[in-house]
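File shown here: run04.txt, holding compact mmCIF, C-alpha atoms and all ligand atoms.
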```
# COMPACT_ATOMS: atom_id res chain seq x y z
CA MET A 20 -11.84 5.42 8.00
CA GLU A 21 -10.76 4.57 11.49
CA VAL A 22 -7.35 5.71 12.49
CA ASN A 23 -5.76 3.91 15.34
CA GLY A 24 -2.99 1.48 16.15
CA GLY A 25 -3.73 -1.51 13.92
CA GLU A 26 -5.09 0.47 11.00
CA HIS A 27 -1.81 1.48 9.48
CA GLU A 28 -1.27 -1.87 7.75
CA LYS A 29 -4.50 -1.32 5.84
CA MET A 30 -3.43 2.09 4.58
CA GLU A 31 -1.94 2.22 1.14
CA ARG A 32 1.38 4.00 1.03
CA PRO A 33 0.81 7.34 -0.72
CA GLU A 34 2.47 7.93 -4.08
CA THR A 35 5.85 9.60 -4.07
CA LEU A 36 5.74 13.25 -5.05
CA MET A 37 6.79 14.04 -8.60
CA GLU A 38 9.51 16.62 -9.23
CA GLU A 39 6.95 19.10 -10.53
CA GLU A 40 4.83 18.71 -7.44
CA ARG A 41 7.82 19.29 -5.21
CA MET A 42 8.62 22.49 -7.04
CA THR A 43 5.01 23.63 -6.78
CA ILE A 44 5.08 23.04 -3.04
CA LYS A 45 8.33 24.97 -2.63
CA ASN A 46 7.10 27.87 -4.75
CA THR A 47 3.76 28.22 -3.02
CA TRP A 48 5.20 27.85 0.48
CA SER A 49 7.57 30.82 0.50
CA LYS A 50 4.73 33.35 0.57
CA VAL A 51 2.97 31.46 3.33
CA TYR A 52 6.09 31.16 5.44
CA ALA A 53 6.79 34.87 5.12
CA ASN A 54 3.53 35.26 7.07
CA LYS A 55 4.06 32.26 9.31
CA GLU A 56 2.60 33.69 12.53
CA ALA A 57 -0.58 35.05 10.98
CA ALA A 58 -1.05 31.99 8.77
CA GLY A 59 -0.35 29.56 11.62
CA ILE A 60 -2.77 31.32 13.96
CA ALA A 61 -5.47 31.43 11.25
CA VAL A 62 -5.06 27.67 10.75
CA LEU A 63 -5.30 26.84 14.44
CA ILE A 64 -8.25 29.15 15.03
CA ARG A 65 -10.07 27.42 12.15
CA LEU A 66 -9.18 24.03 13.64
CA PHE A 67 -10.45 24.95 17.10
CA THR A 68 -13.63 26.66 15.90
CA SER A 69 -14.59 24.03 13.29
CA PHE A 70 -13.56 21.06 15.47
CA PRO A 71 -13.86 22.25 19.09
CA SER A 72 -12.94 18.81 20.47
CA SER A 73 -9.39 19.45 19.20
CA LYS A 74 -9.02 22.08 21.97
CA GLN A 75 -9.20 19.40 24.64
CA TYR A 76 -5.42 18.88 24.59
CA PHE A 77 -4.51 22.49 25.31
CA SER A 78 -4.65 23.37 28.99
CA ASP A 79 -4.66 27.14 28.43
CA PHE A 80 -7.65 27.47 26.14
CA ARG A 81 -9.62 24.23 26.16
CA HIS A 82 -12.56 26.06 27.76
CA MET A 83 -12.40 29.18 25.60
CA GLU A 84 -15.11 29.91 23.05
CA ASP A 85 -14.21 33.45 22.18
CA VAL A 86 -11.97 33.70 19.10
CA GLN A 87 -10.19 36.87 20.21
CA GLU A 88 -9.47 35.39 23.59
CA MET A 89 -8.06 32.27 21.92
CA GLN A 90 -5.94 34.36 19.58
CA SER A 91 -4.24 36.01 22.54
CA SER A 92 -3.28 32.68 24.11
CA VAL A 93 0.49 32.33 24.16
CA GLN A 94 0.10 28.54 24.04
CA LEU A 95 -1.88 28.85 20.81
CA GLN A 96 0.59 31.31 19.28
CA LYS A 97 3.52 29.08 20.16
CA HIS A 98 1.90 25.99 18.70
CA ALA A 99 1.00 27.91 15.55
CA VAL A 100 4.64 28.80 14.95
CA ARG A 101 5.81 25.30 15.84
CA VAL A 102 3.49 23.75 13.27
CA MET A 103 4.65 26.23 10.62
CA LYS A 104 8.33 25.63 11.42
CA ALA A 105 7.88 21.87 11.18
CA LEU A 106 6.13 22.30 7.82
CA ASN A 107 8.96 24.52 6.71
CA THR A 108 11.49 21.82 7.57
CA LEU A 109 9.44 19.36 5.52
CA VAL A 110 9.34 21.71 2.55
CA GLU A 111 13.05 22.52 2.79
CA ASN A 112 13.82 18.80 2.79
CA ILE A 113 11.18 17.73 0.33
CA HIS A 114 13.71 15.75 -1.71
CA ASP A 115 14.83 13.80 1.32
CA GLY A 116 12.39 11.03 2.21
CA GLU A 117 14.34 9.98 5.30
CA LYS A 118 14.32 13.48 6.73
CA THR A 119 10.58 13.75 6.10
CA ALA A 120 10.04 10.49 7.93
CA SER A 121 12.20 11.53 10.88
CA VAL A 122 10.60 14.97 11.30
CA VAL A 123 7.11 13.46 11.33
CA GLU A 124 8.28 10.67 13.61
CA LEU A 125 9.48 13.07 16.31
CA VAL A 126 6.23 15.03 16.22
CA ALA A 127 4.05 11.90 16.19
CA LYS A 128 5.94 10.31 19.09
CA SER A 129 5.68 13.37 21.32
CA HIS A 130 2.02 13.86 20.46
CA ALA A 131 1.21 10.24 21.26
CA HIS A 132 3.34 9.89 24.39
CA LYS A 133 3.31 13.37 25.92
CA HIS A 134 0.14 14.99 24.65
CA ASN A 135 -2.10 11.94 24.07
CA VAL A 136 -3.40 13.38 20.81
CA GLU A 137 -5.66 11.07 18.79
CA PRO A 138 -4.11 10.56 15.35
CA VAL A 139 -7.28 11.58 13.56
CA TYR A 140 -6.56 15.19 14.56
CA PHE A 141 -3.53 15.20 12.28
CA LYS A 142 -5.79 14.31 9.39
CA ILE A 143 -8.21 17.03 10.37
CA LEU A 144 -5.42 19.58 10.75
CA ALA A 145 -4.11 18.69 7.29
CA GLY A 146 -7.52 19.42 5.76
CA VAL A 147 -7.80 22.67 7.68
CA ILE A 148 -4.33 23.81 6.59
CA LEU A 149 -5.27 23.33 2.95
CA GLU A 150 -8.63 25.03 3.37
CA VAL A 151 -7.12 28.11 5.03
CA LEU A 152 -4.22 28.40 2.58
CA VAL A 153 -6.55 28.21 -0.41
CA GLU A 154 -8.66 31.00 1.07
CA ALA A 155 -5.74 33.17 2.13
CA PHE A 156 -3.60 32.72 -1.01
CA PRO A 157 -6.08 31.96 -3.81
CA GLU A 158 -3.66 33.07 -6.52
CA SER A 159 -1.06 30.52 -5.41
CA PHE A 160 -3.26 27.63 -4.34
CA GLY A 161 -4.99 26.64 -7.55
CA ALA A 162 -5.98 23.07 -8.44
CA GLU A 163 -2.44 21.94 -9.21
CA ALA A 164 -1.01 23.30 -5.95
CA GLN A 165 -3.89 21.80 -4.01
CA ARG A 166 -3.20 18.38 -5.51
CA ALA A 167 0.50 18.59 -4.68
CA TRP A 168 -0.16 19.74 -1.11
CA SER A 169 -2.78 17.03 -0.56
CA LYS A 170 -0.22 14.48 -1.59
CA LEU A 171 2.31 15.88 0.87
CA MET A 172 -0.31 15.83 3.63
CA ASP A 173 -1.09 12.20 2.76
CA VAL A 174 2.59 11.34 3.14
CA VAL A 175 2.72 13.13 6.52
CA PHE A 176 -0.41 11.38 7.74
CA TRP A 177 0.86 8.02 6.54
CA HIS A 178 3.99 8.46 8.67
CA VAL A 179 1.90 9.63 11.63
CA THR A 180 -0.25 6.49 11.55
CA ARG A 181 2.85 4.34 11.04
CA VAL A 182 4.36 5.73 14.25
CA TYR A 183 1.12 5.45 16.22
CA SER A 184 0.78 1.90 14.99
CA GLU A 185 4.37 1.03 15.94
CA ILE A 186 3.90 2.29 19.47
CA GLY A 187 0.69 0.28 19.77
CA TRP A 188 -1.68 3.22 20.16
CA ALA A 189 -5.20 2.10 20.88
CA SER A 190 -8.10 4.49 20.91
CA THR A 191 -10.77 4.00 23.57
CA GLU A 192 -14.32 3.30 22.46
CA ARG A 193 -15.39 6.86 23.37
CA GLU A 194 -12.54 8.30 21.34
CA ARG A 195 -13.42 6.14 18.35
CA GLU A 196 -16.97 7.34 18.55
CA ARG A 197 -15.69 10.91 18.55
CA GLU A 198 -13.48 10.13 15.54
CA ARG A 199 -16.47 8.77 13.66
CA GLU A 200 -18.47 11.89 14.50
CA THR A 201 -15.59 14.07 13.38
CA ILE A 202 -15.13 12.19 10.12
CA ILE A 203 -18.84 12.52 9.36
CA ALA A 204 -18.48 16.26 10.04
CA ILE A 205 -15.52 16.51 7.65
CA GLN A 206 -17.42 14.66 4.94
CA TYR A 207 -20.38 16.95 5.49
CA CYS A 208 -18.22 20.10 5.32
CA SER A 209 -16.45 19.00 2.15
CA GLY A 210 -19.79 18.32 0.48
C1 LIG B 1 1.61 19.02 11.64
C2 LIG B 1 1.11 18.84 12.82
C3 LIG B 1 1.74 19.26 14.12
C4 LIG B 1 3.01 19.72 14.38
C5 LIG B 1 4.15 19.91 13.41
C6 LIG B 1 3.08 19.97 15.82
C7 LIG B 1 4.21 20.43 16.46
C8 LIG B 1 4.34 20.57 17.82
C9 LIG B 1 5.57 20.87 18.51
C10 LIG B 1 6.93 21.08 17.82
C11 LIG B 1 5.31 20.91 19.83
C12 LIG B 1 6.30 21.18 20.99
C13 LIG B 1 7.27 20.03 21.17
C14 LIG B 1 6.60 18.71 21.43
O1 LIG B 1 6.01 18.52 22.49
O2 LIG B 1 6.65 17.87 20.52
C15 LIG B 1 3.88 20.65 19.99
C16 LIG B 1 3.20 20.64 21.19
C17 LIG B 1 1.87 20.33 21.31
N1 LIG B 1 1.01 19.94 20.31
FE1 LIG B 1 1.42 19.84 18.35
N2 LIG B 1 1.86 19.70 16.37
C18 LIG B 1 1.03 19.25 15.38
C19 LIG B 1 -0.29 18.87 15.52
C20 LIG B 1 -0.98 18.86 16.70
C21 LIG B 1 -2.36 18.49 16.84
C22 LIG B 1 -3.26 18.02 15.69
C23 LIG B 1 -2.69 18.63 18.16
C24 LIG B 1 -4.00 18.41 18.85
C25 LIG B 1 -5.18 18.64 18.31
C26 LIG B 1 -1.49 19.08 18.86
C27 LIG B 1 -1.39 19.32 20.20
C28 LIG B 1 -0.25 19.71 20.87
C29 LIG B 1 -0.18 19.98 22.31
C30 LIG B 1 -1.34 19.86 23.32
C31 LIG B 1 1.14 20.37 22.58
C32 LIG B 1 1.69 20.83 23.94
C33 LIG B 1 1.43 22.32 24.03
C34 LIG B 1 2.04 22.99 25.26
O3 LIG B 1 2.29 22.33 26.24
O4 LIG B 1 2.25 24.21 25.17
N3 LIG B 1 -0.48 19.21 17.94
N4 LIG B 1 3.32 20.45 18.76
```

Would you mind writing the file out in structure tokens?
Ligand code: HEM
Amino acid sequence: MEVNGGEHEKMERPETLMEEERMTIKNTWSKVYANKEAAGIAVLIRLFTSFPSSKQYFSDFRHMEDVQEMQSSVQLQKHAVRVMKALNTLVENIHDGEKTASVVELVAKSHAHKHNVEPVYFKILAGVILEVLVEAFPESFGAEAQRAWSKLMDVVFWHVTRVYSEIGWASTERERERERETIIAIQYCSG
């Protein structure tokens, strides 16, 4: 999988979520969102420790190795809450495909234009979110919930790549190499 500008056309549009899956997502989310700061920070810390290259975009802690030091970064805490709030908007509007598209569009545009984030990091973050939620809320995130959430993440990522493709994002050769390395690491981690 290579995720850059021209790749979107090759991606199959993910299936629409079924009513049952939407309900599962809503039901499992409320507990997570009640702990949004802690859950968001846990997700980002996992992202930055498992995939240290994802820190490169954050001026305040790109050189930090120490987890406690990272946790006290205001930039990290703010981003954690921002990610959770955006997810909450997606969940609240899960029946509204246009709203989903527009929320993801805004985030993808700013991350491409302002923050220069490679799209593959959205895919990585999606995997990390699931991993952390399953660990933190095992009673809620069983197989059925995991399937529903994976589908939602696929929809999000599909929109992200659509936007990156529309704005003509092109990864440099070095960045592609890093993406390949990262994807191999993900495959390795997920057995
Ligand atoms: C679901 C995924 C994500 C959501 C909802 C999200 C949301 C946001 C929001 C709302 C902002 C502030 C407003 C803006 O500039 O757009 C922001 C800033 C930022 N995001 Fe994300 N983000 C996501 C994923 C990522 C990823 C994967 C990275 C990089 C690995 C990243 C890096 C950044 C950076 C560097 C900033 C600027 C931080 C600052 O200046 O304090 N984001 N994000």

Ranking A:Glu158, A:Asp173, A:Glu198, A:Glu111 by minimum distance to Tyr140 of chain A and counting all atoms listed in the file, which one comes first?
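Closest to Tyr140 of chain A of all the choices is A:Glu198.
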
Listed atoms of segment 118-131 of chain A, axis-aligned box, 8 Å per side: centre and edge lengths to one decimal in Å, as JSON?
```
{"center_x": 7.8, "center_y": 12.6, "center_z": 13.7, "size_x": 29.1, "size_y": 20.8, "size_z": 31.2}
```

Cut-off 9 Å, all atoms listed in the file, neighbours of ligand LIG 1 (chain B) as an MDAnalysis selection string:
chainID A and resid 66:67 72:79 93:95 97:106 122:123 125:130 133:145 172 175:176

Mind writing the picked residues with C-alpha atoms as a short mmCIF file (atom, residue, chain, number, x, y, z; two decimals), in the frame of the given file?
```cif
data_model
loop_
_atom_site.label_atom_id
_atom_site.label_comp_id
_atom_site.auth_asym_id
_atom_site.auth_seq_id
_atom_site.Cartn_x
_atom_site.Cartn_y
_atom_site.Cartn_z
CA LEU A 66 -9.18 24.03 13.64
CA PHE A 67 -10.45 24.95 17.10
CA SER A 72 -12.94 18.81 20.47
CA SER A 73 -9.39 19.45 19.20
CA LYS A 74 -9.02 22.08 21.97
CA GLN A 75 -9.20 19.40 24.64
CA TYR A 76 -5.42 18.88 24.59
CA PHE A 77 -4.51 22.49 25.31
CA SER A 78 -4.65 23.37 28.99
CA ASP A 79 -4.66 27.14 28.43
CA VAL A 93 0.49 32.33 24.16
CA GLN A 94 0.10 28.54 24.04
CA LEU A 95 -1.88 28.85 20.81
CA LYS A 97 3.52 29.08 20.16
CA HIS A 98 1.90 25.99 18.70
CA ALA A 99 1.00 27.91 15.55
CA VAL A 100 4.64 28.80 14.95
CA ARG A 101 5.81 25.30 15.84
CA VAL A 102 3.49 23.75 13.27
CA MET A 103 4.65 26.23 10.62
CA LYS A 104 8.33 25.63 11.42
CA ALA A 105 7.88 21.87 11.18
CA LEU A 106 6.13 22.30 7.82
CA VAL A 122 10.60 14.97 11.30
CA VAL A 123 7.11 13.46 11.33
CA LEU A 125 9.48 13.07 16.31
CA VAL A 126 6.23 15.03 16.22
CA ALA A 127 4.05 11.90 16.19
CA LYS A 128 5.94 10.31 19.09
CA SER A 129 5.68 13.37 21.32
CA HIS A 130 2.02 13.86 20.46
CA LYS A 133 3.31 13.37 25.92
CA HIS A 134 0.14 14.99 24.65
CA ASN A 135 -2.10 11.94 24.07
CA VAL A 136 -3.40 13.38 20.81
CA GLU A 137 -5.66 11.07 18.79
CA PRO A 138 -4.11 10.56 15.35
CA VAL A 139 -7.28 11.58 13.56
CA TYR A 140 -6.56 15.19 14.56
CA PHE A 141 -3.53 15.20 12.28
CA LYS A 142 -5.79 14.31 9.39
CA ILE A 143 -8.21 17.03 10.37
CA LEU A 144 -5.42 19.58 10.75
CA ALA A 145 -4.11 18.69 7.29
CA MET A 172 -0.31 15.83 3.63
CA VAL A 175 2.72 13.13 6.52
CA PHE A 176 -0.41 11.38 7.74
#
```

Coordinates-based distance that separates atom CA of Pro71 of chain A from atom CA of Glu84 of chain A (Å, one decimal)
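Atom CA of Glu84 of chain A sits 8.7 Å away from atom CA of Pro71 of chain A.
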
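Counting all atoms listed in the file, the residue from A:Ile148, A:Thr47, A:Asn54, A:Leu171 that sits nearest to His114 of chain A is A:Leu171.
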
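The interatomic distance for the pair atom CA of Met37 of chain A and atom CA of Ala167 of chain A works out to 8.7 Å.
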
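Nearest to Ala131 of chain A of all the residues A:Val174, A:Ala189, A:Ile113, A:Val86 is A:Ala189, based on only C-alpha atoms.
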
Residues proximal to (0.9, 30.3, 1.5) were defined as those with any atom within 10 Å of that point in the file's coordinates, counting only C-alpha atoms. Which are they, as a PyMOL selection string?
chain A and resi 44+46-55+58+148-149+151-160

How many Å separate atom CA of Phe80 of chain A from atom CA of Ser92 of chain A?
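Atom CA of Ser92 of chain A lies at a distance of 7.1 Å from atom CA of Phe80 of chain A.
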
For Lys170 of chain A, list every protein, DNA or RNA residue within 8 Å, evaluated using only C-alpha atoms, and leave out those in the same chain fewer than 6 positions away; present the list as an mmCIF file with C-alpha atoms, in the frame of the given file.
```
data_model
loop_
_atom_site.group_PDB
_atom_site.id
_atom_site.type_symbol
_atom_site.label_atom_id
_atom_site.label_comp_id
_atom_site.auth_asym_id
_atom_site.auth_seq_id
_atom_site.Cartn_x
_atom_site.Cartn_y
_atom_site.Cartn_z
ATOM 1 C CA PRO A 33 0.810 7.340 -0.720
ATOM 2 C CA GLU A 34 2.470 7.930 -4.080
ATOM 3 C CA LEU A 36 5.740 13.250 -5.050
#
```

When distances are computed from all atoms listed in the file, which of A:Leu109, A:Val182, A:Ile202, A:Met42 shows the smallest separation from His132 of chain A?
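Distance minimum relative to His132 of chain A lands on A:Val182.
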
Mind rebuilding segment 191-205 of chain A with N, CA and C atoms and writing that out as a PDB file, in the coordinates of the input?
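The resulting file, rebuild_13.pdb, is shown below:
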```pdb
ATOM      1  N   THR A 191      -9.687   4.567  22.759  1.00  0.00           N
ATOM      2  CA  THR A 191     -10.770   4.000  23.570  1.00  0.00           C
ATOM      3  C   THR A 191     -12.056   4.059  22.751  1.00  0.00           C
ATOM      4  N   GLU A 192     -13.058   3.350  23.203  1.00  0.00           N
ATOM      5  CA  GLU A 192     -14.320   3.300  22.460  1.00  0.00           C
ATOM      6  C   GLU A 192     -14.926   4.715  22.325  1.00  0.00           C
ATOM      7  N   ARG A 193     -14.845   5.493  23.413  1.00  0.00           N
ATOM      8  CA  ARG A 193     -15.390   6.860  23.370  1.00  0.00           C
ATOM      9  C   ARG A 193     -14.650   7.702  22.330  1.00  0.00           C
ATOM     10  N   GLU A 194     -13.339   7.512  22.296  1.00  0.00           N
ATOM     11  CA  GLU A 194     -12.540   8.300  21.340  1.00  0.00           C
ATOM     12  C   GLU A 194     -12.855   7.889  19.910  1.00  0.00           C
ATOM     13  N   ARG A 195     -13.070   6.594  19.708  1.00  0.00           N
ATOM     14  CA  ARG A 195     -13.420   6.140  18.350  1.00  0.00           C
ATOM     15  C   ARG A 195     -14.749   6.723  17.905  1.00  0.00           C
ATOM     16  N   GLU A 196     -15.659   6.774  18.866  1.00  0.00           N
ATOM     17  CA  GLU A 196     -16.970   7.340  18.550  1.00  0.00           C
ATOM     18  C   GLU A 196     -16.807   8.804  18.128  1.00  0.00           C
ATOM     19  N   ARG A 197     -15.945   9.496  18.870  1.00  0.00           N
ATOM     20  CA  ARG A 197     -15.690  10.910  18.550  1.00  0.00           C
ATOM     21  C   ARG A 197     -15.034  11.032  17.177  1.00  0.00           C
ATOM     22  N   GLU A 198     -14.123  10.110  16.871  1.00  0.00           N
ATOM     23  CA  GLU A 198     -13.480  10.130  15.540  1.00  0.00           C
ATOM     24  C   GLU A 198     -14.526   9.953  14.450  1.00  0.00           C
ATOM     25  N   ARG A 199     -15.445   9.002  14.685  1.00  0.00           N
ATOM     26  CA  ARG A 199     -16.470   8.770  13.660  1.00  0.00           C
ATOM     27  C   ARG A 199     -17.303  10.021  13.460  1.00  0.00           C
ATOM     28  N   GLU A 200     -17.665  10.657  14.596  1.00  0.00           N
ATOM     29  CA  GLU A 200     -18.470  11.890  14.500  1.00  0.00           C
ATOM     30  C   GLU A 200     -17.700  12.956  13.714  1.00  0.00           C
ATOM     31  N   THR A 201     -16.408  13.036  14.015  1.00  0.00           N
ATOM     32  CA  THR A 201     -15.590  14.070  13.380  1.00  0.00           C
ATOM     33  C   THR A 201     -15.465  13.800  11.883  1.00  0.00           C
ATOM     34  N   ILE A 202     -15.287  12.529  11.538  1.00  0.00           N
ATOM     35  CA  ILE A 202     -15.130  12.190  10.120  1.00  0.00           C
ATOM     36  C   ILE A 202     -16.431  12.487   9.361  1.00  0.00           C
ATOM     37  N   ILE A 203     -17.553  12.198   9.998  1.00  0.00           N
ATOM     38  CA  ILE A 203     -18.840  12.520   9.360  1.00  0.00           C
ATOM     39  C   ILE A 203     -18.918  14.033   9.155  1.00  0.00           C
ATOM     40  N   ALA A 204     -18.450  14.792  10.162  1.00  0.00           N
ATOM     41  CA  ALA A 204     -18.480  16.260  10.040  1.00  0.00           C
ATOM     42  C   ALA A 204     -17.588  16.726   8.892  1.00  0.00           C
ATOM     43  N   ILE A 205     -16.426  16.108   8.741  1.00  0.00           N
ATOM     44  CA  ILE A 205     -15.520  16.510   7.650  1.00  0.00           C
ATOM     45  C   ILE A 205     -16.187  16.222   6.309  1.00  0.00           C
TER      46      ILE A 205
END
```
